[in-house]
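K.L.:
For reference, the file work_37.txt (compact mmCIF, C-alpha atoms (C1' of nucleotides)) is included below:
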```
# COMPACT_ATOMS: atom_id res chain seq x y z
CA MET W 139 0.00 0.00 0.00
CA ALA W 140 1.53 3.25 -1.13
CA TYR W 141 0.43 6.80 -1.78
CA TRP W 142 1.15 9.02 -4.77
CA LEU W 143 0.59 12.49 -6.11
CA ILE W 144 -0.02 12.84 -9.82
CA LYS W 145 -0.09 16.11 -11.72
CA SER W 146 -2.50 16.94 -14.47
CA GLU W 147 -3.12 20.09 -16.39
CA PRO W 148 -6.86 20.62 -15.88
CA ASP W 149 -7.15 21.89 -19.45
CA GLU W 150 -6.24 18.36 -20.51
CA ILE W 151 -7.83 16.23 -17.80
CA SER W 152 -9.35 17.76 -14.69
CA PHE W 153 -10.64 15.95 -11.64
CA ASP W 154 -14.16 16.73 -12.84
CA ASP W 155 -13.35 14.99 -16.11
CA LEU W 156 -12.32 11.96 -14.09
CA LEU W 157 -15.63 12.01 -12.21
CA LYS W 158 -17.53 12.15 -15.51
CA ALA W 159 -15.66 9.23 -17.08
CA PRO W 160 -17.16 5.72 -17.13
CA ASP W 161 -16.62 4.17 -13.69
CA CYS W 162 -14.83 7.45 -12.80
CA THR W 163 -11.75 5.88 -14.38
CA VAL W 164 -9.32 7.06 -17.04
CA ALA W 165 -6.08 5.73 -18.47
CA TRP W 166 -3.16 7.77 -17.21
CA PHE W 167 -1.04 8.19 -20.33
CA GLY W 168 1.54 10.56 -21.73
CA VAL W 169 4.12 10.29 -18.97
CA ARG W 170 7.49 10.78 -20.70
CA ASN W 171 9.84 10.94 -17.77
CA TYR W 172 11.84 7.89 -16.73
CA GLN W 173 11.61 8.41 -13.00
CA ALA W 174 7.85 8.80 -13.15
CA ARG W 175 7.59 5.81 -15.48
CA ASN W 176 9.57 3.67 -13.11
CA PHE W 177 7.21 4.53 -10.26
CA MET W 178 4.29 3.31 -12.38
CA ARG W 179 6.07 0.25 -13.70
CA ASP W 180 7.78 -0.92 -10.51
CA GLN W 181 5.85 0.37 -7.54
CA MET W 182 2.29 1.41 -8.25
CA CYS W 183 -0.28 -1.18 -7.24
CA VAL W 184 -4.04 -1.43 -7.57
CA GLY W 185 -5.56 0.25 -4.55
CA ASP W 186 -2.77 2.72 -3.92
CA GLY W 187 -4.00 6.17 -2.93
CA VAL W 188 -3.62 9.07 -5.37
CA LEU W 189 -3.76 12.80 -4.76
CA PHE W 190 -4.96 14.35 -8.02
CA TYR W 191 -3.11 17.65 -8.47
CA HIS W 192 -3.90 20.41 -10.95
CA SER W 193 -0.76 22.05 -12.35
CA SER W 194 0.00 24.80 -14.87
CA CYS W 195 -3.25 26.59 -14.15
CA ALA W 196 -4.51 29.69 -12.40
CA VAL W 197 -4.74 28.04 -8.98
CA PRO W 198 -2.64 24.90 -8.69
CA GLY W 199 -3.47 22.41 -5.94
CA VAL W 200 -4.99 19.06 -4.95
CA ALA W 201 -8.36 18.77 -6.67
CA GLY W 202 -9.48 15.38 -5.39
CA ILE W 203 -8.68 11.91 -4.16
CA ALA W 204 -8.28 8.92 -6.45
CA ALA W 205 -6.86 5.43 -6.51
CA VAL W 206 -4.68 3.37 -8.79
CA ALA W 207 -7.09 1.09 -10.66
CA SER W 208 -4.76 -1.09 -12.75
CA GLY W 209 -1.23 -2.31 -12.97
CA ALA W 210 1.14 -0.80 -15.54
CA TYR W 211 0.57 -1.60 -19.21
CA PRO W 212 2.10 -0.17 -22.41
CA ASP W 213 0.96 3.38 -23.15
CA ALA W 214 -0.74 3.18 -26.56
CA SER W 215 0.01 6.81 -27.42
CA GLN W 216 3.73 6.09 -27.83
CA PHE W 217 2.93 4.11 -31.02
CA ASP W 218 0.44 6.65 -32.38
CA LEU W 219 2.00 8.74 -35.15
CA ALA W 220 -0.71 11.36 -34.73
CA SER W 221 -0.21 11.75 -30.99
CA PRO W 222 1.95 14.45 -29.44
CA TYR W 223 3.17 11.65 -27.19
CA HIS W 224 4.42 9.55 -30.11
CA ASP W 225 7.90 8.11 -29.52
CA ALA W 226 9.75 6.95 -32.63
CA LYS W 227 12.08 4.81 -30.56
CA ALA W 228 9.27 2.78 -28.99
CA THR W 229 7.88 -0.36 -30.60
CA PRO W 230 5.10 -2.72 -29.49
CA ALA W 231 7.78 -5.37 -28.99
CA ALA W 232 9.87 -3.01 -26.90
CA PRO W 233 7.61 -0.36 -25.40
CA ARG W 234 9.23 2.46 -23.48
CA TRP W 235 6.31 4.06 -21.72
CA VAL W 236 3.50 2.73 -19.57
CA SER W 237 0.08 3.78 -18.35
CA VAL W 238 -1.99 2.94 -15.32
CA ASP W 239 -5.71 3.47 -14.81
CA VAL W 240 -6.76 6.04 -12.21
CA LYS W 241 -10.19 6.11 -10.55
CA ALA W 242 -11.67 9.14 -8.81
CA LEU W 243 -12.89 8.48 -5.26
CA HIS W 244 -13.80 11.81 -3.71
CA LYS W 245 -13.96 15.48 -4.50
CA GLY W 246 -13.98 17.59 -1.36
CA ASN W 247 -12.26 20.87 -0.65
CA PHE W 248 -9.74 22.10 -3.20
CA VAL W 249 -6.42 22.39 -1.35
CA SER W 250 -4.30 24.98 -3.12
CA LEU W 251 -0.54 24.87 -3.43
CA SER W 252 -0.30 27.94 -1.21
CA ALA W 253 -2.40 26.12 1.43
CA LEU W 254 -0.17 23.06 1.19
CA ARG W 255 2.83 25.27 1.83
CA THR W 256 1.34 26.43 5.12
CA MET W 257 0.96 22.87 6.47
CA ALA W 258 3.89 22.07 8.76
CA SER W 259 3.55 18.30 8.26
CA LEU W 260 4.32 18.76 4.55
CA ASP W 261 7.70 20.46 4.88
CA ASP W 262 9.51 17.49 3.34
CA MET W 263 6.92 16.65 0.69
CA VAL W 264 8.53 15.97 -2.71
CA LEU W 265 6.03 18.21 -4.50
CA LEU W 266 6.99 21.20 -2.40
CA GLN W 267 10.75 20.94 -2.83
CA LYS W 268 12.39 23.63 -4.91
CA GLY W 269 12.56 22.72 -8.58
CA SER W 270 10.42 19.61 -8.18
CA ARG W 271 8.90 18.77 -11.55
CA LEU W 272 8.02 15.10 -11.22
CA SER W 273 4.60 14.34 -12.68
CA ILE W 274 4.28 11.41 -10.29
CA SER W 275 5.77 11.63 -6.82
CA PRO W 276 5.58 9.44 -3.74
CA VAL W 277 3.62 10.67 -0.73
CA THR W 278 4.25 9.46 2.82
CA ALA W 279 1.43 8.12 4.98
CA LEU W 280 1.72 11.20 7.18
CA GLU W 281 1.44 13.54 4.19
CA TRP W 282 -1.44 11.50 2.77
CA HIS W 283 -3.49 11.68 5.94
CA ALA W 284 -2.83 15.40 6.40
CA ILE W 285 -3.95 16.22 2.86
CA VAL W 286 -6.93 13.84 2.84
CA ALA W 287 -8.07 15.52 6.07
CA ALA W 288 -7.75 18.94 4.43
CA VAL W 289 -9.78 17.71 1.46
CA GLY W 290 -12.32 16.28 3.90
CA GLY W 291 -12.26 12.85 2.31
CA GLU W 292 -11.53 10.50 5.20
CA GLY W 293 -15.01 8.98 5.13
CA ALA W 294 -15.02 8.49 1.37
CA VAL W 295 -11.58 6.94 1.27
CA ASP W 296 -11.76 4.85 4.41
CA GLY W 297 -12.10 1.20 3.52
CA VAL W 298 -11.98 1.82 -0.24
CA LEU W 299 -8.26 1.59 -0.73
CA THR W 300 -7.08 -1.97 -0.55
CA THR W 301 -4.21 -3.28 1.47
CA VAL W 302 -1.61 -4.83 -0.78
C1' DG B 85 5.65 35.87 -20.87
C1' DC B 86 9.53 35.21 -17.71
C1' DC B 87 12.77 32.40 -15.78
C1' DA B 88 14.75 28.90 -12.53
C1' DA B 89 15.40 24.20 -12.28
C1' DC B 90 15.80 20.02 -14.22
C1' DG B 91 16.12 16.21 -17.88
C1' DT B 92 17.79 14.72 -22.35
C1' DT B 93 20.67 14.75 -26.30
C1' DG B 94 24.70 14.39 -28.83
C1' DG B 95 29.50 15.77 -30.05
C1' DC B 96 33.88 14.79 -28.58
C1' DG J 212 31.76 9.49 -19.76
C1' DC J 213 31.83 14.54 -19.78
C1' DC J 214 29.34 18.54 -20.44
C1' DA J 215 27.30 22.31 -23.29
C1' DA J 216 23.23 23.16 -25.61
C1' DC J 217 18.69 22.66 -25.84
C1' DG J 218 13.86 21.57 -24.48
C1' DT J 219 10.35 21.22 -20.89
C1' DT J 220 8.00 22.11 -16.61
C1' DG J 221 5.42 24.93 -13.87
C1' DG J 222 4.89 28.74 -10.53
C1' DC J 223 4.48 33.44 -10.66
```
What would the structure in this file look like if it were written as structure tokens?
P.N.:
Amino acid sequence: MAYWLIKSEPDEISFDDLLKAPDCTVAWFGVRNYQARNFMRDQMCVGDGVLFYHSSCAVPGVAGIAAVASGAYPDASQFDLASPYHDAKATPAAPRWVSVDVKALHKGNFVSLSALRTMASLDDMVLLQKGSRLSISPVTALEWHAIVAAVGGEGAVDGVLTTV
DNA sequence: GCCAACGTTGGC
DNA sequence: GCCAACGTTGGC
């Protein structure tokens, strides 16, 4: 059982989009960073908790709580010539990039980046470190519980995430 | 739009 | 394997 924060530009996929999707689930594709890929490929498990973060927008912050809903599988967009995520060096026999499915669990309070920065328990959070650009970053249990409490999602999340 | 920080590429 | 140049991220 692990916890993660994933960044999305809300213009591309917002937390509301996730809630509107079938089964509140979307494929998380387009990650083109090796460290983030390795987290998905090697460590993410079904039932892990996910903080869904809106980046590159007017008010960045945690927009909702989600869960990992699949193991890693090849990201189809790497083979798609028409996709901005196409990768000429990837082949179906030797894929480079992976996706996981992400399922929305609860939308509560929006917790802005500036609010996160005021929370003492988050001083060491990867997201808040200077120059941190990882689109997927690990979250400690302490950080998870502090942010879920700020979102107001304890009830909705309790018992939903599985123990792996 | 600016710019700091970081990742990737490619020549040597 | 070094490292300069370049591209990207993302807050402001």
K.L.:
With all atoms listed in the file as the counted atoms, please give the residues lying no more than 10 Å from DT220 in chain J, apart from itself and same-chain residues fewer than 3 positions off, as a ChimeraX atom specification.
P.N.:
/W:193-194,269-273 /B:89-90
K.L.:
Between CA of Gly246 in chain W and CA of Gly290 in chain W, what distance in Å does the model show, to one decimal?
P.N.:
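CA of Gly290 in chain W lies 5.7 Å from CA of Gly246 in chain W.
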K.L.:
What does the structure give for the distance between CA of Gln173 in chain W and CA of Leu280 in chain W, in Å to one decimal?
P.N.:
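These atoms are spaced 22.6 Å apart.
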K.L.:
Taking a cut-off of 12 Å and counting only C-alpha atoms (C1' of nucleotides), can you build a table that, for each residue of chain J near chain W, reports the nearest atom pair and how far apart they are in Å (one decimal), sorted by chain then residue number, as CSV?
P.N.:
```
residue,atom,partner,partner_atom,distance
J:DT219,C1',W:Arg271,CA,9.8
J:DT220,C1',W:Arg271,CA,6.1
J:DG221,C1',W:Ser194,CA,5.5
J:DG222,C1',W:Ser194,CA,7.6
J:DC223,C1',W:Ala196,CA,9.9
```
K.L.:
Keeping only C-alpha atoms (C1' of nucleotides), write the selected residues to a file as a PDB file, in the frame of the given file.
P.N.:
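Written output follows (selection_26.pdb):
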```pdb
ATOM      1  C1'  DT J 219      10.350  21.220 -20.890  1.00  0.00           C
ATOM      2  C1'  DT J 220       8.000  22.110 -16.610  1.00  0.00           C
ATOM      3  C1'  DG J 221       5.420  24.930 -13.870  1.00  0.00           C
ATOM      4  C1'  DG J 222       4.890  28.740 -10.530  1.00  0.00           C
ATOM      5  C1'  DC J 223       4.480  33.440 -10.660  1.00  0.00           C
TER       6       DC J 223
END
```
K.L.:
Between W:Arg255, W:Lys245, W:Lys268, W:Arg175, which residue has the minimum interatomic distance to DA88 in chain B, considering all atoms listed in the file?
P.N.:
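Closest candidate: W:Lys268.
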K.L.:
Please list, as an MDAnalysis selection string, the residues that have an atom at most 12 Å away from (8.2, 4.4, -16.0) in the coordinates of this file, counting only C-alpha atoms (C1' of nucleotides).
P.N.:
chainID W and resid 166:182 209:213 233:238 272:275
K.L.:
What does the structure give for the distance between CA of Cys162 in chain W and CA of Tyr191 in chain W, in Å to one decimal?
P.N.:
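Between CA of Cys162 in chain W and CA of Tyr191 in chain W the gap is 16.1 Å.
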K.L.:
Around range 281-289 of chain W, with edges along x, y and z and 8 Å added on all six sides, what centre and edge lengths do you get, in Å to one decimal, as JSON?
P.N.:
```
{"center_x": -4.2, "center_y": 15.2, "center_z": 3.9, "size_x": 27.2, "size_y": 23.4, "size_z": 20.9}
```
